[in-house]
file final-v7.cif (mmCIF, C-alpha atoms)
data_entry
loop_
_atom_site.label_atom_id
_atom_site.label_comp_id
_atom_site.auth_asym_id
_atom_site.auth_seq_id
_atom_site.Cartn_x
_atom_site.Cartn_y
_atom_site.Cartn_z
CA MET A 11 -98.36 102.12 160.48
CA SER A 12 -96.79 100.41 163.49
CA SER A 13 -94.58 97.36 163.09
CA PRO A 14 -96.07 93.95 163.95
CA LEU A 15 -95.81 92.92 167.59
CA PHE A 16 -95.61 89.17 167.10
CA SER A 17 -92.93 87.18 165.38
CA ALA A 18 -95.37 85.12 163.30
CA PRO A 19 -97.93 86.86 161.04
CA GLY A 20 -101.46 86.40 162.37
CA ALA A 21 -100.06 84.85 165.55
CA ALA A 22 -102.51 86.55 167.91
CA PRO A 23 -106.26 87.18 167.98
CA GLU A 24 -107.78 90.58 168.69
CA TYR A 25 -107.44 91.99 172.17
CA ASP A 26 -110.24 93.56 174.21
CA ASP A 27 -109.36 93.29 177.92
CA GLY A 28 -108.52 89.70 177.08
CA TRP A 29 -107.58 87.72 173.98
CA VAL A 30 -110.78 87.30 171.96
CA LEU A 31 -111.06 83.76 170.61
CA GLY A 32 -113.07 82.57 167.62
CA ASP A 33 -116.07 81.61 169.73
CA GLY A 34 -116.16 85.06 171.35
CA SER A 35 -114.69 83.94 174.67
CA ARG A 36 -111.78 85.78 176.25
CA GLU A 37 -108.56 84.35 177.59
CA PRO A 38 -106.29 86.25 180.03
CA PHE A 39 -103.13 85.16 178.21
CA LEU A 40 -101.83 83.36 175.13
CA SER A 41 -99.58 80.37 175.74
CA TYR A 42 -96.39 79.75 173.79
CA VAL A 43 -94.87 77.25 176.19
CA ASP A 44 -93.77 74.07 174.47
CA GLY A 45 -91.36 71.61 176.06
CA ASP A 46 -89.13 72.13 179.07
CA PRO A 47 -88.97 75.72 180.33
CA SER A 48 -85.65 77.52 180.70
CA VAL A 49 -86.65 79.40 183.89
CA ASN A 50 -86.53 77.91 187.38
CA TRP A 51 -89.80 78.93 189.03
CA SER A 52 -93.12 77.34 189.93
CA ASP A 53 -96.73 78.05 190.94
CA GLU A 54 -95.82 77.21 194.54
CA LEU A 55 -92.93 79.68 194.62
CA GLU A 56 -95.13 82.31 192.96
CA ALA A 57 -97.78 81.99 195.67
CA LEU A 58 -95.22 81.97 198.48
CA HIS A 59 -93.37 85.03 197.28
CA GLU A 60 -96.21 87.15 195.90
CA GLU A 61 -97.64 89.02 198.88
CA ALA A 62 -94.33 90.19 200.33
CA SER A 63 -93.23 91.73 197.04
CA LYS A 64 -96.12 94.19 196.56
CA THR A 65 -95.59 96.60 199.45
CA HIS A 66 -92.12 95.87 200.81
CA PHE A 67 -89.96 98.97 200.59
CA ILE A 68 -87.17 97.37 198.56
CA ASP A 69 -89.63 96.20 195.90
CA ARG A 70 -91.32 99.60 195.73
CA TRP A 71 -87.85 101.17 195.59
CA THR A 72 -86.85 98.83 192.77
CA ARG A 73 -89.96 99.52 190.71
CA GLY A 74 -89.58 103.26 191.20
CA ALA A 75 -85.92 103.19 190.15
CA MET A 76 -86.83 101.23 187.04
CA LEU A 77 -89.64 103.59 186.02
CA ALA A 78 -87.36 106.59 186.48
CA ARG A 79 -84.96 105.19 183.87
CA ILE A 80 -87.33 104.29 181.05
CA GLY A 81 -87.32 107.85 179.84
CA GLU A 82 -89.58 109.59 177.35
CA LEU A 83 -91.45 107.31 174.99
CA PRO A 84 -93.40 107.99 171.78
CA PRO A 85 -97.21 108.12 171.89
CA GLY A 86 -98.70 104.63 171.91
CA ALA A 87 -95.36 103.05 172.84
CA ARG A 88 -95.04 99.34 173.49
CA ILE A 89 -93.47 98.34 176.79
CA ALA A 90 -92.65 94.70 177.54
CA ASP A 91 -92.28 93.43 181.10
CA VAL A 92 -90.28 90.21 180.81
CA GLY A 93 -90.96 88.19 183.94
CA CYS A 94 -94.05 90.20 184.87
CA SER A 95 -95.21 87.79 187.60
CA THR A 96 -98.48 88.98 189.18
CA GLY A 97 -98.28 92.40 187.55
CA TYR A 98 -97.11 94.87 190.18
CA LEU A 99 -94.68 96.55 187.79
CA LEU A 100 -97.31 96.47 185.04
CA GLU A 101 -99.63 98.41 187.36
CA ASP A 102 -96.96 101.06 187.88
CA LEU A 103 -96.26 101.21 184.13
CA GLN A 104 -99.95 101.69 183.38
CA ALA A 105 -100.10 104.62 185.80
CA ALA A 106 -96.98 106.23 184.33
CA TYR A 107 -97.63 105.55 180.63
CA ALA A 108 -101.41 105.58 180.27
CA ASP A 109 -101.42 105.44 176.46
CA ALA A 110 -98.79 102.70 176.14
CA THR A 111 -99.48 99.16 175.00
CA LEU A 112 -98.22 96.94 177.82
CA VAL A 113 -97.01 93.41 177.16
CA GLY A 114 -96.39 91.05 180.08
CA VAL A 115 -94.42 87.84 179.65
CA ASP A 116 -94.12 85.13 182.28
CA LEU A 117 -93.74 81.37 182.53
CA ILE A 118 -96.14 80.91 185.46
CA ALA A 119 -99.80 80.78 184.45
CA ALA A 120 -101.13 81.44 187.98
CA GLY A 121 -99.22 84.72 188.15
CA LEU A 122 -100.48 85.78 184.73
CA ARG A 123 -104.09 85.24 185.79
CA LYS A 124 -103.54 87.58 188.74
CA ALA A 125 -101.76 90.08 186.50
CA HIS A 126 -104.75 90.06 184.14
CA ARG A 127 -107.11 90.88 186.99
CA ALA A 128 -104.84 93.73 188.09
CA VAL A 129 -104.11 95.14 184.60
CA PRO A 130 -106.73 93.84 182.15
CA ALA A 131 -105.45 96.11 179.37
CA ALA A 132 -102.04 94.41 179.33
CA ARG A 133 -101.36 91.83 176.62
CA LEU A 134 -100.19 88.82 178.60
CA LEU A 135 -98.11 86.00 177.14
CA HIS A 136 -97.34 82.66 178.75
CA ALA A 137 -93.88 82.30 177.27
CA ASP A 138 -90.21 81.61 177.85
CA ALA A 139 -87.84 84.56 178.31
CA CYS A 140 -85.37 82.68 176.11
CA ALA A 141 -87.89 82.38 173.26
CA LEU A 142 -90.01 85.52 173.24
CA PRO A 143 -92.90 85.32 170.73
CA LEU A 144 -92.35 88.98 169.79
CA ALA A 145 -91.11 90.31 166.48
CA ASP A 146 -87.65 91.77 165.97
CA ARG A 147 -87.47 95.49 166.80
CA SER A 148 -91.09 95.54 167.99
CA VAL A 149 -91.04 97.25 171.42
CA ASP A 150 -90.03 100.70 172.66
CA ALA A 151 -88.84 99.61 176.11
CA VAL A 152 -88.25 96.44 178.12
CA VAL A 153 -88.27 96.07 181.88
CA SER A 154 -87.28 92.93 183.75
CA ALA A 155 -87.08 92.64 187.53
CA ASN A 156 -85.71 89.63 189.39
CA LEU A 157 -86.03 87.23 186.48
CA LEU A 158 -82.56 86.53 185.08
CA GLU A 159 -81.30 84.88 188.26
CA HIS A 160 -83.81 82.09 187.55
CA VAL A 161 -82.58 81.52 183.98
CA PRO A 162 -79.71 79.04 183.51
CA ASP A 163 -78.76 80.67 180.18
CA ASP A 164 -79.26 84.31 181.13
CA SER A 165 -77.19 85.46 178.15
CA ARG A 166 -79.75 83.90 175.82
CA ALA A 167 -82.55 85.79 177.55
CA LEU A 168 -80.58 89.03 177.19
CA ARG A 169 -80.12 88.36 173.48
CA GLU A 170 -83.89 87.98 173.20
CA ILE A 171 -84.40 91.32 174.95
CA ALA A 172 -81.93 92.94 172.55
CA ARG A 173 -83.66 91.36 169.57
CA VAL A 174 -87.16 92.67 170.36
CA LEU A 175 -86.05 96.22 171.24
CA LYS A 176 -86.26 98.86 168.55
CA PRO A 177 -82.92 100.52 167.73
CA GLY A 178 -82.24 103.18 170.36
CA ALA A 179 -84.81 101.71 172.77
CA ARG A 180 -83.99 101.06 176.43
CA ALA A 181 -84.05 98.07 178.75
CA VAL A 182 -84.04 98.38 182.55
CA ILE A 183 -83.01 95.15 184.26
CA VAL A 184 -82.71 94.33 187.97
CA VAL A 185 -81.13 91.23 189.53
CA PRO A 186 -79.96 90.21 193.02
CA ALA A 187 -76.35 91.14 193.73
CA GLY A 188 -73.50 89.60 195.71
CA PRO A 189 -72.44 86.00 194.97
CA GLY A 190 -70.99 85.77 198.48
CA THR A 191 -74.46 86.23 199.98
CA TYR A 192 -76.04 83.26 198.19
CA ASP A 193 -77.74 81.17 200.88
CA TYR A 194 -80.55 78.69 201.52
CA TYR A 195 -83.15 81.34 200.65
CA ASP A 196 -81.66 81.82 197.17
CA ARG A 197 -81.42 78.07 196.75
CA PHE A 198 -85.06 77.54 197.68
CA LEU A 199 -86.20 80.31 195.33
CA ALA A 200 -84.34 78.51 192.50
CA HIS A 201 -81.79 81.27 191.97
CA GLU A 202 -79.10 80.15 189.58
CA ARG A 203 -76.85 82.93 190.83
CA ARG A 204 -76.48 86.28 192.51
CA TYR A 205 -74.60 88.71 190.27
CA ALA A 206 -71.05 89.91 190.77
CA ARG A 207 -70.06 93.53 190.31
CA GLY A 208 -70.22 94.42 186.62
CA GLU A 209 -71.48 90.97 185.58
CA LEU A 210 -74.89 92.03 184.31
CA ALA A 211 -73.51 95.02 182.39
CA ARG A 212 -70.89 92.77 180.79
CA LYS A 213 -73.50 90.21 179.76
CA CYS A 214 -75.71 92.99 178.36
CA ARG A 215 -72.81 94.20 176.25
CA GLN A 216 -72.12 90.70 174.98
CA ALA A 217 -75.81 90.36 174.05
CA GLY A 218 -75.66 93.44 171.84
CA LEU A 219 -76.90 96.04 174.33
CA GLU A 220 -75.05 99.21 175.30
CA PRO A 221 -74.99 99.73 179.09
CA LEU A 222 -75.77 103.32 180.07
CA GLU A 223 -75.87 102.89 183.85
CA ASP A 224 -74.78 100.17 186.25
CA ARG A 225 -75.74 100.84 189.86
CA TYR A 226 -76.70 99.09 193.06
CA ILE A 227 -79.95 99.36 195.00
CA ALA A 228 -79.99 99.29 198.81
CA SER A 229 -76.28 99.96 199.24
CA LEU A 230 -76.80 101.59 202.64
CA LEU A 231 -78.54 98.44 203.88
CA TYR A 232 -75.99 96.05 202.45
CA PRO A 233 -73.68 95.71 205.52
CA ALA A 234 -76.57 94.48 207.69
CA PHE A 235 -77.85 92.32 204.84
CA TRP A 236 -74.38 90.78 204.41
CA LEU A 237 -74.16 89.90 208.10
CA VAL A 238 -77.55 88.18 208.05
CA LYS A 239 -76.66 86.25 204.91
CA GLN A 240 -73.35 85.06 206.41
CA ARG A 241 -75.21 83.85 209.50
CA ASN A 242 -77.66 82.03 207.26
CA ARG A 243 -74.84 80.35 205.36
CA ARG A 244 -73.30 79.10 208.58
CA ARG A 245 -76.47 77.97 210.34
CA TYR A 246 -78.94 76.93 207.71
CA ASP A 247 -77.23 75.88 204.47
CA HIS A 248 -77.73 72.23 205.46
CA LEU A 249 -81.51 72.56 205.37
CA ASP A 250 -83.44 70.62 202.75
CA GLY A 251 -86.94 69.39 202.01
CA ALA A 252 -89.70 70.30 204.46
CA ALA A 253 -87.29 71.94 206.90
CA LEU A 254 -86.01 74.27 204.17
CA GLU A 255 -89.51 75.14 203.00
CA SER A 256 -90.63 75.84 206.56
CA ARG A 257 -87.66 78.12 207.18
CA VAL A 258 -88.24 80.13 203.99
CA ALA A 259 -91.98 80.39 204.67
CA ARG A 260 -91.16 81.77 208.13
CA ASP A 261 -88.72 84.27 206.58
CA ILE A 262 -91.30 85.47 204.07
CA ALA A 263 -94.04 85.69 206.69
CA GLY A 264 -91.73 87.88 208.76
CA THR A 265 -90.98 90.19 205.84
CA ARG A 266 -92.58 93.57 206.40
CA ASP A 267 -92.16 97.18 205.49
CA SER A 268 -89.60 99.10 207.50
CA ARG A 269 -89.39 102.74 208.50
CA ALA A 270 -85.60 102.49 208.56
CA GLY A 271 -85.68 100.90 205.11
CA ASN A 272 -87.78 103.73 203.74
CA VAL A 273 -85.40 106.30 205.23
CA ALA A 274 -82.44 104.47 203.65
CA TRP A 275 -84.27 104.42 200.32
CA HIS A 276 -84.79 108.18 200.17
CA LEU A 277 -81.34 109.00 201.54
CA GLU A 278 -79.64 106.71 199.05
CA GLU A 279 -81.56 108.14 196.11
CA ARG A 280 -80.40 111.60 197.14
CA LEU A 281 -76.82 110.33 197.18
CA VAL A 282 -77.25 108.76 193.74
CA GLY A 283 -78.68 112.04 192.46
CA ALA A 284 -75.55 113.77 193.76
CA GLY A 285 -73.33 111.32 191.88
CA VAL A 286 -72.38 109.11 194.83
CA ARG A 287 -72.18 105.41 193.96
CA LEU A 288 -71.27 102.74 196.49
CA PRO A 289 -69.62 99.55 195.12
CA PHE A 290 -72.07 97.14 196.74
CA GLY A 291 -75.80 96.66 197.29
CA ILE A 292 -78.59 94.13 197.62
CA ARG A 293 -79.72 94.45 194.00
CA CYS A 294 -78.07 95.53 190.79
CA LEU A 295 -79.79 97.72 188.20
CA VAL A 296 -78.53 98.08 184.65
CA LEU A 297 -79.96 100.53 182.16
CA ALA A 298 -79.00 99.58 178.61
CA ARG A 299 -80.12 100.38 175.11
CA ARG A 300 -80.07 98.72 171.75
CA PRO A 301 -77.66 100.75 169.58
CA GLU A 302 -79.11 102.58 166.63
CA ALA A 303 -77.06 100.37 164.32
CA ALA A 304 -77.84 97.22 166.29
CA ARG A 305 -76.93 93.81 165.02
CA THR A 306 -79.79 91.33 164.62
#
call {"tool": "encode", "arguments": {"input": "final-v7.cif", "output": "structure tokens"}}
result
Amino acid sequence: MSSPLFSAPGAAPEYDDGWVLGDGSREPFLSYVDGDPSVNWSDELEALHEEASKTHFIDRWTRGAMLARIGELPPGARIADVGCSTGYLLEDLQAAYADATLVGVDLIAAGLRKAHRAVPAARLLHADACALPLADRSVDAVVSANLLEHVPDDSRALREIARVLKPGARAVIVVPAGPGTYDYYDRFLAHERRYARGELARKCRQAGLEPLEDRYIASLLYPAFWLVKQRNRRRYDHLDGAALESRVARDIAGTRDSRAGNVAWHLEERLVGAGVRLPFGIRCLVLARRPEAART
């Protein structure tokens, strides 16, 4: 018999492509949000950022790198996507692990509604990453992409991830890298930080997780990225209000897939496969696991 998924007995109704309520109606998600959230994000930011993140090469690259590190899972495994947004990673997880029970957690209701339409089989929870409504040792894997930079107390969120993982289970976490590239775009997207080299792995270790891999994504593109970010810091860091929003909207509208980016993606993955690791990149990926004798 599998362990309970939720932290409180009887905390959730039955699920049938939606949470089945007492009157027979279905809801796309259950809400556990009470009080001030601990994640800096909003419906407006969700809508602004959504379309660019589905097909852009660096987001497809990120999702592929994460899937490649989950590893073999038991039949009927539970996989939690913490910060699932509109469900692009959930879609990829469903394709890769057809018999898994997928759990998506996010603080933005609008994104969860879109995720439900994309992946109706996923159990969606409107909840805080720092207070997951999941039971201790209840999931077989956790993924989290571009969430922790929005969380003021990211260590608390990592402790929650460690708590819900079964002993020996893995977490794959991705965050933006390079504190020196923090600019108006990060500020507008409510990023608390960009991560320094080794910072995420260190925080994982402090949260009770054992880092297995600490690598960068888009290292080959980083020099050009760094130059653009330094220009942005010089020219546009003064922007605020409507001028800032207009600038970011223009940036996002101009975001598109890139042949050069796709070439860099495949070349870099070949280098990583050969054991080559560059000490910089646009994003940082950490693969960690909860030790078999994990502390609670």
call {"tool": "atom_distance", "arguments": {"input": "final-v7.cif", "atom1": "atom CA of A:Gln216", "atom2": "atom CA of A:Ala181"}}
result
14.5 Å
call {"tool": "resolve_selection", "arguments": {"input": "final-v7.cif", "expression": "the PyMOL selection byres ((chain A and resi 271) around 12)", "output": "MDAnalysis selection string"}}
result
chainID A and resid 66:71 227:232 234:235 265:270 272:278
call {"tool": "resolve_selection", "arguments": {"input": "final-v7.cif", "expression": "the PyMOL selection byres ((chain A and resi 85-88) around 6)", "output": "mmCIF file with C-alpha atoms, keeping the file's coordinate frame"}}
result
data_model
loop_
_atom_site.group_PDB
_atom_site.id
_atom_site.type_symbol
_atom_site.label_atom_id
_atom_site.label_comp_id
_atom_site.auth_asym_id
_atom_site.auth_seq_id
_atom_site.Cartn_x
_atom_site.Cartn_y
_atom_site.Cartn_z
ATOM 1 C CA PRO A 84 -93.400 107.990 171.780
ATOM 2 C CA ILE A 89 -93.470 98.340 176.790
ATOM 3 C CA ASP A 109 -101.420 105.440 176.460
ATOM 4 C CA ALA A 110 -98.790 102.700 176.140
ATOM 5 C CA THR A 111 -99.480 99.160 175.000
ATOM 6 C CA LEU A 112 -98.220 96.940 177.820
ATOM 7 C CA VAL A 149 -91.040 97.250 171.420
ATOM 8 C CA ASP A 150 -90.030 100.700 172.660
#
call {"tool": "atom_distance", "arguments": {"input": "final-v7.cif", "atom1": "atom CA of A:His201", "atom2": "atom CA of A:Leu157"}}
result
9.1 Å
call {"tool": "atom_distance", "arguments": {"input": "final-v7.cif", "atom1": "atom CA of A:Ala75", "atom2": "atom CA of A:Ala125"}}
result
20.9 Å
call {"tool": "closest_residue", "arguments": {"input": "final-v7.cif", "among": "A:Cys94, A:Ser17, A:Arg257, A:His126", "to": "A:Arg173", "atoms": "all atoms listed in the file"}}
result
A:Ser17
call {"tool": "closest_residue", "arguments": {"input": "final-v7.cif", "among": "A:Lys124, A:Arg243, A:Arg133, A:Arg225", "to": "A:Val92", "atoms": "all atoms listed in the file"}}
result
A:Arg133
call {"tool": "residues_around", "arguments": {"input": "final-v7.cif", "residues": "A:Asp196", "least_positions_apart": "6", "cutoff": "10 Å", "atoms": "all atoms listed in the file", "output": "number ranges by chain"}}
result
A: 159-160, 186, 202-204, 258
call {"tool": "residues_around", "arguments": {"input": "final-v7.cif", "residues": "A:Ala179", "least_positions_apart": "5", "cutoff": "12 Å", "atoms": "all atoms listed in the file", "output": "PyMOL selection string"}}
result
chain A and resi 79-84+87-90+147-153+171-174+219-222+297-304
call {"tool": "residues_near_point", "arguments": {"input": "final-v7.cif", "point": "(-85.9, 94.6, 185.5)", "cutoff": "6 Å", "atoms": "all atoms listed in the file", "output": "PDB file with C-alpha atoms, in the frame of the given file"}}
result
ATOM      1  CA  VAL A 153     -88.270  96.070 181.880  1.00  0.00           C
ATOM      2  CA  SER A 154     -87.280  92.930 183.750  1.00  0.00           C
ATOM      3  CA  ALA A 155     -87.080  92.640 187.530  1.00  0.00           C
ATOM      4  CA  VAL A 182     -84.040  98.380 182.550  1.00  0.00           C
ATOM      5  CA  ILE A 183     -83.010  95.150 184.260  1.00  0.00           C
ATOM      6  CA  VAL A 184     -82.710  94.330 187.970  1.00  0.00           C
TER       7      VAL A 184
END
call {"tool": "axis_aligned_box", "arguments": {"input": "final-v7.cif", "around": "stretch 296-303 of chain A", "padding_each_side": "4 Å", "output": "JSON"}}
result
{"center_x": -78.6, "center_y": 100.3, "center_z": 174.5, "size_x": 11.1, "size_y": 12.5, "size_z": 28.3}
call {"tool": "closest_residue", "arguments": {"input": "final-v7.cif", "among": "A:Leu40, A:Ala217, A:Cys294, A:Leu142", "to": "A:Arg123", "atoms": "all atoms listed in the file"}}
result
A:Leu40
call {"tool": "resolve_selection", "arguments": {"input": "final-v7.cif", "expression": "the PyMOL selection byres ((chain A and resi 289) around 9)", "output": "short mmCIF file (atom, residue, chain, number, x, y, z; two decimals) with C-alpha atoms, keeping the file's coordinate frame"}}
result
data_model
loop_
_atom_site.label_atom_id
_atom_site.label_comp_id
_atom_site.auth_asym_id
_atom_site.auth_seq_id
_atom_site.Cartn_x
_atom_site.Cartn_y
_atom_site.Cartn_z
CA ARG A 207 -70.06 93.53 190.31
CA ARG A 225 -75.74 100.84 189.86
CA TYR A 226 -76.70 99.09 193.06
CA SER A 229 -76.28 99.96 199.24
CA ARG A 287 -72.18 105.41 193.96
CA LEU A 288 -71.27 102.74 196.49
CA PHE A 290 -72.07 97.14 196.74
CA GLY A 291 -75.80 96.66 197.29
#
call {"tool": "closest_residue", "arguments": {"input": "final-v7.cif", "among": "A:Asp224, A:Asp116, A:Glu24, A:Asp138", "to": "A:Thr96", "atoms": "only C-alpha atoms"}}
result
A:Asp116
call {"tool": "residues_around", "arguments": {"input": "final-v7.cif", "residues": "A:Ala22", "least_positions_apart": "5", "cutoff": "12 Å", "atoms": "only C-alpha atoms", "output": "ChimeraX atom specification"}}
result
/A:14-17,28-32,37,39-42,133-135,143-144
call {"tool": "closest_residue", "arguments": {"input": "final-v7.cif", "among": "A:Lys176, A:Ser95, A:Ser35, A:Val286", "to": "A:Ala120", "atoms": "all atoms listed in the file"}}
result
A:Ser95
call {"tool": "closest_residue", "arguments": {"input": "final-v7.cif", "among": "A:Leu168, A:Cys140, A:Pro38, A:Val161", "to": "A:Gly121", "atoms": "all atoms listed in the file"}}
result
A:Pro38
call {"tool": "decode", "arguments": {"input": "final-v7.cif", "residues": "stretch 108-121 of chain A", "atoms": "N, CA, C and O atoms", "output": "PDB file, in the first residue's frame"}}
result
ATOM      1  N   ALA A 108       4.666   7.832 -18.228  1.00  0.00           N
ATOM      2  CA  ALA A 108       3.225   7.769 -18.493  1.00  0.00           C
ATOM      3  C   ALA A 108       2.432   7.208 -17.316  1.00  0.00           C
ATOM      4  O   ALA A 108       1.253   7.563 -17.150  1.00  0.00           O
ATOM      5  N   ASP A 109       3.035   6.339 -16.509  1.00  0.00           N
ATOM      6  CA  ASP A 109       2.276   5.731 -15.419  1.00  0.00           C
ATOM      7  C   ASP A 109       2.487   6.445 -14.087  1.00  0.00           C
ATOM      8  O   ASP A 109       1.996   5.993 -13.050  1.00  0.00           O
ATOM      9  N   ALA A 110       3.200   7.559 -14.099  1.00  0.00           N
ATOM     10  CA  ALA A 110       3.473   8.279 -12.851  1.00  0.00           C
ATOM     11  C   ALA A 110       2.269   9.121 -12.441  1.00  0.00           C
ATOM     12  O   ALA A 110       1.470   9.562 -13.275  1.00  0.00           O
ATOM     13  N   THR A 111       2.155   9.357 -11.138  1.00  0.00           N
ATOM     14  CA  THR A 111       1.210  10.331 -10.612  1.00  0.00           C
ATOM     15  C   THR A 111       1.943  11.666 -10.528  1.00  0.00           C
ATOM     16  O   THR A 111       2.933  11.791  -9.799  1.00  0.00           O
ATOM     17  N   LEU A 112       1.477  12.641 -11.295  1.00  0.00           N
ATOM     18  CA  LEU A 112       2.121  13.950 -11.330  1.00  0.00           C
ATOM     19  C   LEU A 112       1.404  14.899 -10.388  1.00  0.00           C
ATOM     20  O   LEU A 112       0.171  14.959 -10.358  1.00  0.00           O
ATOM     21  N   VAL A 113       2.192  15.659  -9.632  1.00  0.00           N
ATOM     22  CA  VAL A 113       1.671  16.660  -8.707  1.00  0.00           C
ATOM     23  C   VAL A 113       2.300  17.996  -9.073  1.00  0.00           C
ATOM     24  O   VAL A 113       3.528  18.122  -9.116  1.00  0.00           O
ATOM     25  N   GLY A 114       1.477  18.982  -9.378  1.00  0.00           N
ATOM     26  CA  GLY A 114       1.976  20.313  -9.701  1.00  0.00           C
ATOM     27  C   GLY A 114       1.606  21.304  -8.621  1.00  0.00           C
ATOM     28  O   GLY A 114       0.445  21.361  -8.194  1.00  0.00           O
ATOM     29  N   VAL A 115       2.593  22.069  -8.160  1.00  0.00           N
ATOM     30  CA  VAL A 115       2.378  23.048  -7.094  1.00  0.00           C
ATOM     31  C   VAL A 115       2.760  24.426  -7.621  1.00  0.00           C
ATOM     32  O   VAL A 115       3.840  24.606  -8.192  1.00  0.00           O
ATOM     33  N   ASP A 116       1.865  25.391  -7.438  1.00  0.00           N
ATOM     34  CA  ASP A 116       2.193  26.757  -7.821  1.00  0.00           C
ATOM     35  C   ASP A 116       1.339  27.722  -7.017  1.00  0.00           C
ATOM     36  O   ASP A 116       0.270  27.361  -6.511  1.00  0.00           O
ATOM     37  N   LEU A 117       1.815  28.959  -6.927  1.00  0.00           N
ATOM     38  CA  LEU A 117       1.128  29.981  -6.154  1.00  0.00           C
ATOM     39  C   LEU A 117       0.199  30.829  -7.014  1.00  0.00           C
ATOM     40  O   LEU A 117      -0.588  31.611  -6.490  1.00  0.00           O
ATOM     41  N   ILE A 118       0.278  30.683  -8.343  1.00  0.00           N
ATOM     42  CA  ILE A 118      -0.506  31.515  -9.242  1.00  0.00           C
ATOM     43  C   ILE A 118      -1.650  30.691  -9.833  1.00  0.00           C
ATOM     44  O   ILE A 118      -1.439  29.751 -10.608  1.00  0.00           O
ATOM     45  N   ALA A 119      -2.882  31.073  -9.470  1.00  0.00           N
ATOM     46  CA  ALA A 119      -4.054  30.305  -9.872  1.00  0.00           C
ATOM     47  C   ALA A 119      -4.240  30.296 -11.389  1.00  0.00           C
ATOM     48  O   ALA A 119      -4.622  29.275 -11.971  1.00  0.00           O
ATOM     49  N   ALA A 120      -3.971  31.425 -12.051  1.00  0.00           N
ATOM     50  CA  ALA A 120      -4.160  31.490 -13.503  1.00  0.00           C
ATOM     51  C   ALA A 120      -3.272  30.479 -14.217  1.00  0.00           C
ATOM     52  O   ALA A 120      -3.700  29.830 -15.182  1.00  0.00           O
ATOM     53  N   GLY A 121      -2.036  30.339 -13.763  1.00  0.00           N
ATOM     54  CA  GLY A 121      -1.142  29.360 -14.360  1.00  0.00           C
ATOM     55  C   GLY A 121      -1.618  27.938 -14.130  1.00  0.00           C
ATOM     56  O   GLY A 121      -1.524  27.085 -15.017  1.00  0.00           O
TER      57      GLY A 121
END
